Amino acid sequence: MRIRNTFLLLVGLAKFAVFAAKEEVEPDIKFSLPGGFYDDDIELEITARDPQAVIYYTLDGTNPTEESLLYEKPISLTNKTPDPNVHSNHTGITQPGGGFGAFGGGSTEEWLPHGQVNKGNIVRAISVSPAGEISNITSSSYFVGLDKNKLYQDLPIVSVITDPGCLFDYETGIYILGKQYDDAMAEGNGGFMFFAQGNFNTKGKEAERPATIQYIPGDSNEVALTQDVGIKLKGRSTRAQYQKSFNVNARNKYGKKNIKYPLIPGNVRADGTGPVEKYKSFNLRNAGNDSESAKMRDVIIQGLIKNPYFETQQNTYAIVFIDGEYWGIYEIYEEYNDNYIANNYEIEDENVITVKEGAIDCGTEEDIEYFNDLINFVVKNDMAIEENYQEATKKLDMTAYALYCAFNVYVDVQDGYYRGGNNAMWRVREPVEGVPKADGRWRPMAYDTEFSTGMFNMVTGYNKSVLAEISNPTNRLAKNTNPRLTNALLRSDEWRNMFINYLCDVKNINYASDKVVKYINDTEDLLLPLVEEHIQRNGPEAQLADPVASFKNEVDVFRTYMLNRNEVFLSLIQADFHLSDPVKVTVSVNDYDLGGFAVNDYNEFEEDYTGEYFKENILYITAKPKDGKSVKSWGLKHCKLAAKKPNTIGFYPNEGCTLTINYE
């Protein structure tokens with residue numbers, strides 16, 4: 001009897017699962033056409049699953065109710081671009097003359113788009129049953145008469161659909177200055193420029209608003225993903241900009257706890273085991289501090305430093321529409337949280353601790369003690385003592401941290417590494433056997449790096465000293481974790497050697513001039529056809545007279561800085577660490593069909609490599625033989641052997657130093 005009952009229970013559960021799945025693919029409301037781009041006018045039919053239900057709909061983005069338009073016949077949808085701007089004509093988005101436009105002599109008049117913005121049709125509908133039951137809202141976007149490929153190349157389109165009040169209501173709209181600004185001004189505390197007080201500064205759960213997102217891939221005209229989500233603004237000072245960034249969250253209360261779609265083409269899990277096809281959340285980023293300049297700094301900077309040791313965010317450019325109106329060029333970014341770690345590694349999200357800017361971001365308040373333990377141990381114990389340093393290696397991934405420090409120093413990230421702003425670390429609470437990064441050690445997470453590379457001319461130029469900011473007493477206050485850690489670790493010969501090597505590597509390899517120029521040029525070519533529409537929509541006014549020339553000039557500022565930084569960087573290392581002139585080192589292999597090599601256990605090569613390093617610093621080369629192959633000998637010339645392991649050799653380079661790895 002027990003077996004039979006169990007069988008019946010399983011059958012019942014199976015039927016329920018089938019029914020649940022069926023319900024998911026049979027919504028209360030159906031549209032006769034998929035969302036997307038259409039060349040010619042279309043007729044849209046709306047049907048309800050219940051044939052007796054009454055259908056109501058809206059065409060302006062508002063949530064439909066029983067007082068909305070009654071659906072009685074197919075809806076004719078045409079090109080809406082000639083219609084007057086509505087949502088993009090909202091005022092009170094930023095202070096006149098405020099935001100980052102103030103640096104370019106921004107107007108004291110409030111910005112409005114110049115001309116008609118491109119528009120699509122937003123259709124939202126509900127059904128009401130004879131018993132008075134109201135369905136969930138079904139929403140879709142129809143861009144009629146717009147040539148997607150001509151306008152936006154092969155970029156994906158993200159259509160954000162939300163009741164306009166969620167963004168622009170005086171009291172509750174999260175995109176405007178609104179009531180919070182007026183209240184702050186009445187109290188004499190309205191702020192200015194980056195720090196204006198307004199509704200857009202609302203954070204946390206109370207800042208999230210319900211929305212629907214639709215995603216149209218770059219190689220398609222049809223919506224591939226539609227999902228109900230929560231949206232809120234993202235950023236700190238950039239909330240005061242005219243074009244603002246969003247954080248998009250999937251939650252059970254909106255329907256699904258994850259977004260199961262490859263939003264970022266080519267995004268591979270951080271553990272290297274396959275593509276990322278699931279997101280708990282993602283960002284629609286306006287390029288941050290770079291939004292009115294080159295629009296690419298963070299994309300380039302993070303893209304070139306991608307590595308297996310510390311986290312970098314993968315991203316892709318996209319065009320965003322809000323309630324059918326063109327909103328501009330954005331970047332889709334991975335969002336750092338416990339779910340990011342869970343989705344990129346085989347680690348349960350409940351076991352993840354992340355600390356952002358010195359405070360718990362994911363985990364419990366008690367978890368801050370793990371972080372404080374790291375800082376206190378490294379800072380209060382002499383890292384020149386080997387036993388202390390080895391104990392510190394159990395708390396912090398030293399390779400990851402040395403590379404992270406070298407990267408930040410090279411690009412001169414101001415709002416993060418030096419001053420306690422945009423920086424984060426993660427670890428697991430309890431180590432997980434067999435998962436390499438689940439060992440309980442802290443590892444950095446890079447993000448929002450664009451306030452760097454000479455941004456705003458507010459920072460020192462490309463010839464800025466390597467150690468100037470690290471040794472700056474102002475940056476060594478309690479909250480500024482990284483300068484304190486770096487100063488302490490520099491007392492360790494091992495860590496210092498690793499740090500200097502990585503300073504050389506980021507110059508020689510990651511940000512090599514030819515690599516940087518190609519990446520910048522390719523990105524410039526991608527964005528050039530898009531910037532005129534974007535600047536006419538979002539400003540700044542100083543670039544309106546010639547948007548293309550203005551954009552190219554901003555890109556050239558960035559490109560020139562990167563080239564100049566690369567040219568002088570070794571001399572800066574040399575001066576700060578009192579080293580002799582750098583020498584060229586060439587590494588090669590007798591047969592690349594048999595294997596390659598890694599420089600300082602980081603950058604891997606399957607071709608000859610030449611880079612500049614210092615005679616006083618041990619350089620490490622690791623052989624990477626292919627399956628069934630092994631190292632027969634190391635051909636080392638004009639170098640002083642310092643260490644040797646089965647597949648790794650360490651040496652002090654001299655003038656004319658060469659290493660040939662002979663495989664068999």
# chains A, B, ... in the order shown; residues from 1 in each chain; ligands from 1
>>> residues_around(residues="Val299 of chain A", least_positions_apart="6", cutoff="9 Å", atoms="only C-alpha atoms", output="MDAnalysis selection string")
chainID A and resid 287 313:316 331 449:450
>>> write_last_selection(atoms="N, CA and C atoms", output="PDB file, in the first residue's frame")
ATOM      1  N   ALA A 287      28.244  54.420 -18.395  1.00  0.00           N
ATOM      2  CA  ALA A 287      29.692  54.666 -18.500  1.00  0.00           C
ATOM      3  C   ALA A 287      30.215  55.486 -17.338  1.00  0.00           C
ATOM      4  N   GLN A 313      34.417  42.582 -14.319  1.00  0.00           N
ATOM      5  CA  GLN A 313      33.054  42.482 -14.834  1.00  0.00           C
ATOM      6  C   GLN A 313      33.061  42.392 -16.357  1.00  0.00           C
ATOM      7  N   GLN A 314      32.354  41.417 -16.867  1.00  0.00           N
ATOM      8  CA  GLN A 314      32.188  41.321 -18.313  1.00  0.00           C
ATOM      9  C   GLN A 314      31.039  42.234 -18.725  1.00  0.00           C
ATOM     10  N   ASN A 315      31.050  42.692 -19.954  1.00  0.00           N
ATOM     11  CA  ASN A 315      30.063  43.688 -20.354  1.00  0.00           C
ATOM     12  C   ASN A 315      29.864  43.675 -21.859  1.00  0.00           C
ATOM     13  N   THR A 316      28.831  44.369 -22.286  1.00  0.00           N
ATOM     14  CA  THR A 316      28.583  44.575 -23.711  1.00  0.00           C
ATOM     15  C   THR A 316      27.811  45.873 -23.867  1.00  0.00           C
ATOM     16  N   GLU A 331      25.841  50.273 -21.222  1.00  0.00           N
ATOM     17  CA  GLU A 331      26.620  49.036 -21.163  1.00  0.00           C
ATOM     18  C   GLU A 331      25.917  48.078 -20.220  1.00  0.00           C
ATOM     19  N   THR A 449      36.036  51.577 -12.810  1.00  0.00           N
ATOM     20  CA  THR A 449      37.442  52.002 -12.831  1.00  0.00           C
ATOM     21  C   THR A 449      37.693  53.268 -13.654  1.00  0.00           C
ATOM     22  N   GLU A 450      36.641  53.860 -14.216  1.00  0.00           N
ATOM     23  CA  GLU A 450      36.872  54.895 -15.225  1.00  0.00           C
ATOM     24  C   GLU A 450      37.360  56.227 -14.652  1.00  0.00           C
TER      25      GLU A 450
END
>>> residues_around(residues="segment 226-231 of chain A", least_positions_apart="5", cutoff="7 Å", atoms="only C-alpha atoms", output="MDAnalysis selection string")
chainID A and resid 208:215 246:251 254:255
>>> select_by_dssp(residues="segment 370-436 of chain A", states="alpha helix (DSSP H)", output="ChimeraX atom specification")
/A:370-380,386-392,398-411
>>> closest_residue(among="A:Trp426, A:Phe614, A:Tyr418, A:Tyr389", to="Ile368 of chain A", atoms="only C-alpha atoms")
A:Trp426
>>> residues_around(residues="Ser291 of chain A", least_positions_apart="2", cutoff="10 Å", atoms="only C-alpha atoms", output="VMD selection string")
chain A and resid 100 238 241 to 244 285 to 289 293 to 297 329 to 330 450 538 to 540
>>> write_last_selection(atoms="N, CA and C atoms", output="JSON list (two decimals), in the first residue's frame")
[["chain", "number", "residue", "atom", "x", "y", "z"],
["A", 100, "PHE", "N", 28.16, 66.29, -14.44],
["A", 100, "PHE", "CA", 29.52, 66.37, -14.96],
["A", 100, "PHE", "C", 29.65, 67.41, -16.07],
["A", 238, "THR", "N", 27.16, 59.64, -9.85],
["A", 238, "THR", "CA", 26.59, 59.62, -11.19],
["A", 238, "THR", "C", 25.07, 59.63, -11.19],
["A", 241, "GLN", "N", 23.75, 62.79, -12.68],
["A", 241, "GLN", "CA", 23.87, 63.04, -14.11],
["A", 241, "GLN", "C", 22.52, 63.00, -14.80],
["A", 242, "TYR", "N", 22.48, 63.56, -16.00],
["A", 242, "TYR", "CA", 21.23, 63.56, -16.76],
["A", 242, "TYR", "C", 20.86, 62.13, -17.17],
["A", 243, "GLN", "N", 21.78, 61.42, -17.78],
["A", 243, "GLN", "CA", 21.55, 60.01, -18.10],
["A", 243, "GLN", "C", 22.01, 59.18, -16.90],
["A", 244, "LYS", "N", 21.14, 58.37, -16.37],
["A", 244, "LYS", "CA", 21.44, 57.64, -15.13],
["A", 244, "LYS", "C", 21.52, 56.13, -15.40],
["A", 285, "ARG", "N", 24.57, 50.42, -17.41],
["A", 285, "ARG", "CA", 25.48, 51.46, -16.93],
["A", 285, "ARG", "C", 25.69, 52.52, -18.00],
["A", 286, "ASN", "N", 25.71, 53.77, -17.57],
["A", 286, "ASN", "CA", 25.84, 54.90, -18.48],
["A", 286, "ASN", "C", 27.29, 55.29, -18.75],
["A", 287, "ALA", "N", 28.24, 54.42, -18.40],
["A", 287, "ALA", "CA", 29.69, 54.67, -18.50],
["A", 287, "ALA", "C", 30.21, 55.49, -17.34],
["A", 288, "GLY", "N", 29.36, 55.74, -16.33],
["A", 288, "GLY", "CA", 29.81, 56.38, -15.10],
["A", 288, "GLY", "C", 30.41, 57.75, -15.34],
["A", 289, "ASN", "N", 31.57, 57.99, -14.73],
["A", 289, "ASN", "CA", 32.24, 59.29, -14.86],
["A", 289, "ASN", "C", 32.62, 59.59, -16.31],
["A", 293, "SER", "N", 32.24, 61.74, -21.84],
["A", 293, "SER", "CA", 33.58, 61.84, -22.41],
["A", 293, "SER", "C", 33.78, 60.73, -23.44],
["A", 294, "ALA", "N", 34.69, 59.78, -23.17],
["A", 294, "ALA", "CA", 35.00, 58.75, -24.17],
["A", 294, "ALA", "C", 34.04, 57.58, -24.15],
["A", 295, "LYS", "N", 33.26, 57.42, -23.07],
["A", 295, "LYS", "CA", 32.24, 56.38, -22.97],
["A", 295, "LYS", "C", 32.81, 54.96, -23.07],
["A", 296, "MET", "N", 34.11, 54.80, -22.78],
["A", 296, "MET", "CA", 34.69, 53.48, -22.96],
["A", 296, "MET", "C", 35.77, 53.13, -21.94],
["A", 297, "ARG", "N", 36.13, 54.05, -21.06],
["A", 297, "ARG", "CA", 37.27, 53.80, -20.19],
["A", 297, "ARG", "C", 37.12, 52.50, -19.40],
["A", 329, "ILE", "N", 23.04, 55.24, -25.32],
["A", 329, "ILE", "CA", 24.02, 54.16, -25.27],
["A", 329, "ILE", "C", 24.24, 53.77, -23.81],
["A", 330, "TYR", "N", 24.17, 52.49, -23.55],
["A", 330, "TYR", "CA", 24.45, 51.95, -22.22],
["A", 330, "TYR", "C", 25.39, 50.76, -22.36],
["A", 450, "GLU", "N", 36.64, 53.86, -14.22],
["A", 450, "GLU", "CA", 36.87, 54.89, -15.22],
["A", 450, "GLU", "C", 37.36, 56.23, -14.65],
["A", 538, "ASN", "N", 21.14, 63.18, -24.87],
["A", 538, "ASN", "CA", 21.61, 63.28, -23.49],
["A", 538, "ASN", "C", 22.63, 64.38, -23.22],
["A", 539, "GLY", "N", 23.09, 65.04, -24.27],
["A", 539, "GLY", "CA", 24.09, 66.07, -24.06],
["A", 539, "GLY", "C", 25.47, 65.45, -23.89],
["A", 540, "PRO", "N", 26.45, 66.24, -23.38],
["A", 540, "PRO", "CA", 26.29, 67.60, -22.85],
["A", 540, "PRO", "C", 26.21, 68.65, -23.95]]
>>> closest_residue(among="A:Pro27, A:Gly115, A:Gly650, A:Pro164", to="Gln536 of chain A", atoms="only C-alpha atoms")
A:Gly115
>>> residues_around(residues="Val506 of chain A", least_positions_apart="3", cutoff="12 Å", atoms="only C-alpha atoms", output="PyMOL selection string")
chain A and resi 301+304-307+402-411+499-503+509-513+515-516+562+565-566+569-570+599-600+602-603+611-613
>>> select_by_dssp(residues="segment 199-402 of chain A", states="strand (DSSP E)", output="PyMOL selection string")
chain A and resi 209-216+225-234+245-249+281-285+315-322+325-334+352-356+359-362
>>> write_last_selection(atoms="C-alpha atoms", output="PDB file, in the first residue's frame")
ATOM      1  CA  ARG A 209      10.261  49.722  -8.842  1.00  0.00           C
ATOM      2  CA  PRO A 210       8.489  46.996 -10.868  1.00  0.00           C
ATOM      3  CA  ALA A 211       9.247  46.872 -14.573  1.00  0.00           C
ATOM      4  CA  THR A 212       9.362  44.602 -17.603  1.00  0.00           C
ATOM      5  CA  ILE A 213      12.510  44.250 -19.663  1.00  0.00           C
ATOM      6  CA  GLN A 214      12.694  43.047 -23.237  1.00  0.00           C
ATOM      7  CA  TYR A 215      15.986  42.063 -24.868  1.00  0.00           C
ATOM      8  CA  ILE A 216      16.517  42.064 -28.621  1.00  0.00           C
ATOM      9  CA  LEU A 225      13.618  37.714 -23.686  1.00  0.00           C
ATOM     10  CA  THR A 226      10.700  39.260 -21.823  1.00  0.00           C
ATOM     11  CA  GLN A 227      10.751  39.242 -18.026  1.00  0.00           C
ATOM     12  CA  ASP A 228       9.195  41.121 -15.146  1.00  0.00           C
ATOM     13  CA  VAL A 229      11.896  42.524 -12.869  1.00  0.00           C
ATOM     14  CA  GLY A 230      12.659  45.241 -10.356  1.00  0.00           C
ATOM     15  CA  ILE A 231      14.705  48.299 -11.329  1.00  0.00           C
ATOM     16  CA  LYS A 232      16.480  50.905  -9.249  1.00  0.00           C
ATOM     17  CA  LEU A 233      19.165  53.478  -9.883  1.00  0.00           C
ATOM     18  CA  LYS A 234      22.826  52.602  -9.550  1.00  0.00           C
ATOM     19  CA  SER A 245      22.380  53.993 -14.589  1.00  0.00           C
ATOM     20  CA  PHE A 246      20.068  51.170 -13.530  1.00  0.00           C
ATOM     21  CA  ASN A 247      20.360  47.975 -11.562  1.00  0.00           C
ATOM     22  CA  VAL A 248      17.969  45.274 -12.812  1.00  0.00           C
ATOM     23  CA  ASN A 249      16.940  42.501 -10.395  1.00  0.00           C
ATOM     24  CA  SER A 281      20.831  40.862 -11.607  1.00  0.00           C
ATOM     25  CA  PHE A 282      22.697  43.043 -14.061  1.00  0.00           C
ATOM     26  CA  ASN A 283      23.491  46.715 -14.573  1.00  0.00           C
ATOM     27  CA  LEU A 284      22.546  49.084 -17.349  1.00  0.00           C
ATOM     28  CA  ARG A 285      25.480  51.457 -16.928  1.00  0.00           C
ATOM     29  CA  ASN A 315      30.063  43.688 -20.354  1.00  0.00           C
ATOM     30  CA  THR A 316      28.583  44.575 -23.711  1.00  0.00           C
ATOM     31  CA  TYR A 317      27.249  47.781 -25.229  1.00  0.00           C
ATOM     32  CA  ALA A 318      23.503  48.122 -25.753  1.00  0.00           C
ATOM     33  CA  ILE A 319      20.894  50.681 -26.758  1.00  0.00           C
ATOM     34  CA  VAL A 320      18.224  51.346 -24.145  1.00  0.00           C
ATOM     35  CA  PHE A 321      14.657  52.533 -24.649  1.00  0.00           C
ATOM     36  CA  ILE A 322      12.437  53.469 -21.715  1.00  0.00           C
ATOM     37  CA  GLU A 325      11.579  56.352 -26.069  1.00  0.00           C
ATOM     38  CA  TYR A 326      15.273  56.284 -26.966  1.00  0.00           C
ATOM     39  CA  TRP A 327      17.390  56.671 -23.814  1.00  0.00           C
ATOM     40  CA  GLY A 328      20.882  56.285 -25.226  1.00  0.00           C
ATOM     41  CA  ILE A 329      24.022  54.164 -25.267  1.00  0.00           C
ATOM     42  CA  TYR A 330      24.445  51.945 -22.219  1.00  0.00           C
ATOM     43  CA  GLU A 331      26.620  49.036 -21.163  1.00  0.00           C
ATOM     44  CA  ILE A 332      25.218  45.783 -19.785  1.00  0.00           C
ATOM     45  CA  TYR A 333      27.404  44.730 -16.857  1.00  0.00           C
ATOM     46  CA  GLU A 334      27.521  41.794 -14.510  1.00  0.00           C
ATOM     47  CA  VAL A 352      29.598  33.946   0.212  1.00  0.00           C
ATOM     48  CA  ILE A 353      30.774  37.087   1.989  1.00  0.00           C
ATOM     49  CA  THR A 354      31.412  40.269   0.033  1.00  0.00           C
ATOM     50  CA  VAL A 355      32.678  43.523   1.490  1.00  0.00           C
ATOM     51  CA  LYS A 356      32.268  46.770  -0.435  1.00  0.00           C
ATOM     52  CA  ALA A 359      31.152  47.274   4.882  1.00  0.00           C
ATOM     53  CA  ILE A 360      29.286  43.986   4.481  1.00  0.00           C
ATOM     54  CA  ASP A 361      27.481  43.821   1.159  1.00  0.00           C
ATOM     55  CA  CYS A 362      26.578  40.109   1.165  1.00  0.00           C
TER      56      CYS A 362
END
>>> residues_around(residues="Val555 of chain A", least_positions_apart="6", cutoff="12 Å", atoms="only C-alpha atoms", output="list in words")
Asp290, Ser291, Glu292, Ser293, Ala294, Lys295, Met296, Arg297, Ile300, Thr453, Met455, Val517, Tyr519, Ile520, Asn521, Asp522, Thr523, Glu524, Asp525, Leu527, Leu528, Val548, Ala549, Tyr561 and Met562 of chain A
